[in-house]
Each structure stands twice: as structure tokens, then as C-alpha cells.
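*Asks:* I'd like to ask you about the structure that follows.
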Amino acid sequence: GWQPFLDALRTLLKANFASIIIRPGDVNKLGLVVSAAGDPQAIEPYDPMLDHSPFRELVCDHVVTVQCLLPESEWRDSSFYKDYCVRHDAFHIMALNVRANNGSIYALRITRPESTLAFSEQDMNVVRLLLPHLRTALVHHLSSHQDQQIITLYGKGMAQLMVGVLVLDQNGRVMQSNPSATQILRKEDGLR
């Protein structure tokens, strides 16, 4: 999963949060939020305030900070900052949007409290260096997710048949088994 990566990135950049927001196909739909926090508080994945983020329509593959987008007074006056960021102690924000080959947007957000330094150009360069690796991870993540969806769909269809069907991985381990196959395997009569 994304959690170990986000936690390592959060630690490396001395941040209080590192999050990935997945928007499936349509930048206006909020999908999944995966977040690593330095304290017990968590980001609510379906918080409607996320729809008011100034980072919503970033150009993909460009690392920016809130200071790149807004003057400080405008940032402090924004409803997103006042109603969302303040309660999460997120004043300094670095952002990167990456478009996956299925059209989904993976939005990387890294935050620091106001009491710390703003993100530097060097911090932004760290994230820029990660971009090709993020792309590779996305390709593998989407491919394995799509493969799992196909296997599940195939398994559900085969479950309706009176034929035992097993789906094996490349090492011969059972990944999916319909009820008929499970029943046959339990008998241990030639197949196991």
C-alpha cells in the first residue's frame, strides 16, 4: 500500500501529513484519501472542505506550494484554510498531481504546521525526483488492481457454473476458487 511510502516521505520532509488523494477519472469527484500523520489525528476522506482546495486543478507533474499559488493574506482568508487546514495544523502545503494512464488523478499533498519553515526549493526537488518513481508505482498499482478486478469478475461468473474453477498465480498458488472447486479440494481426492 501507499502508507509506508507516505510515512517515509512525511518523515523525510519533516511534515505533519503526507497524503495521496485519488480522484477516479474526473477531477471533480473525490475518491480515496490515504494519509500518514505524525500524530494520532487523521484526515477524514470524505470531508466536503477538500472540494475547496486551491490545489484542485493543478497542472499535472508540477510541484507547487501554497505560496506559489496565493499571497499569504489570500491563503489565510480562504475558506479552505480557515475551515479545513487550521484544524489539521496545515499551513505550509506542497502539492503534486499525477495523471494515471486510466485518467485518474493521484494528488500528493504534504503539509507542515505554521510554526515550522515553509517548504524550500530543495524540498520541492525531492518530490520532483520522486515523480518518475511515482509514475512507475501507479502503473504497477493500476495493473495489479485491474488484474484483481478481472480475476474477481471471472471467479464470480464461474461460480455460477457447475464446474470447479481455480485461478492460480505464477507460482501455482490458488488466488480464486469457485464453490465447486473448493468442495473438490476439501475432499482431497486427487487434487490438493
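Ordered as shown in the C-alpha cells, chains take letters A, B, and onward, while each chain numbers its residues from 1 and ligands are numbered from 1 in the order shown.
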As a PyMOL selection string, please: the residues near Ile110 in chain A (cut-off 8 Å, only C-alpha atoms, same-chain neighbours under 3 positions excluded).
*Replies:* chain A and resi 10+15-19+93-95
*Asks:* Within 12 Å of Val126 in chain A, counting only C-alpha atoms, which residues show up once you throw out same-chain ones fewer than 3 positions away? Write them as an NGL selection string, please.
*Replies:* :A and (9-10 or 12-13 or 63 or 94 or 96 or 110 or 119-123 or 129-133)
*Asks:* Enter the distance from CA of Phe55 in chain A to CA of Val139 in chain A, in Å, rounded to one decimal.
*Replies:*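 Distance reported for this atom pair: 23.2 Å.
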*Asks:* Quick check for you: according to DSSP on this backbone, which residues of range 54-94 of chain A are classed as strand (DSSP E or B)? Reply as a PyMOL selection string.
*Replies:* chain A and resi 64-65+92-94
*Asks:* What are the DSSP helix (DSSP H, G or I) residues of range 58-121 of chain A, as a PyMOL selection string?
*Replies:* chain A and resi 66-69+72-77+79-88+121
*Asks:* Could you take the residues named above and write them with C-alpha atoms, as a CSV table (one decimal), in the first residue's frame?
*Replies:*
chain,number,residue,atom,x,y,z
A,66,VAL,CA,0.6,27.2,-1.5
A,67,GLN,CA,3.0,30.2,-1.7
A,68,CYS,CA,3.3,29.6,-5.4
A,69,LEU,CA,-0.4,29.9,-5.9
A,72,GLU,CA,-0.3,34.8,2.2
A,73,SER,CA,-3.2,37.1,3.1
A,74,GLU,CA,-5.4,35.4,0.4
A,75,TRP,CA,-4.4,32.0,1.7
A,76,ARG,CA,-5.3,33.0,5.3
A,77,ASP,CA,-8.7,34.4,4.2
A,79,SER,CA,-12.4,29.1,3.4
A,80,PHE,CA,-10.2,26.0,2.7
A,81,TYR,CA,-7.5,27.3,5.1
A,82,LYS,CA,-9.9,28.6,7.8
A,83,ASP,CA,-12.4,25.7,7.8
A,84,TYR,CA,-10.1,22.8,7.0
A,85,CYS,CA,-6.3,23.4,7.3
A,86,VAL,CA,-6.4,25.2,10.7
A,87,ARG,CA,-7.9,22.2,12.4
A,88,HIS,CA,-5.2,19.9,10.9
A,121,GLU,CA,13.2,24.6,-3.3
*Asks:* Pick out the residues sitting within 12 Å of Leu134 in chain A, and hand them over as a count of residues only; count only C-alpha atoms, and ignore anything fewer than 5 positions along from it in its own chain.
*Replies:* 20
*Asks:* Between CA of Thr136 in chain A and CA of Ser35 in chain A, what distance in Å does the model show, to one decimal?
*Replies:* 20.0 Å
*Asks:* Take CA of Glu114 in chain A and CA of Asp7 in chain A and report the distance between them in Å, one decimal.
*Replies:*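 Separation between CA of Glu114 in chain A and CA of Asp7 in chain A: 20.0 Å.
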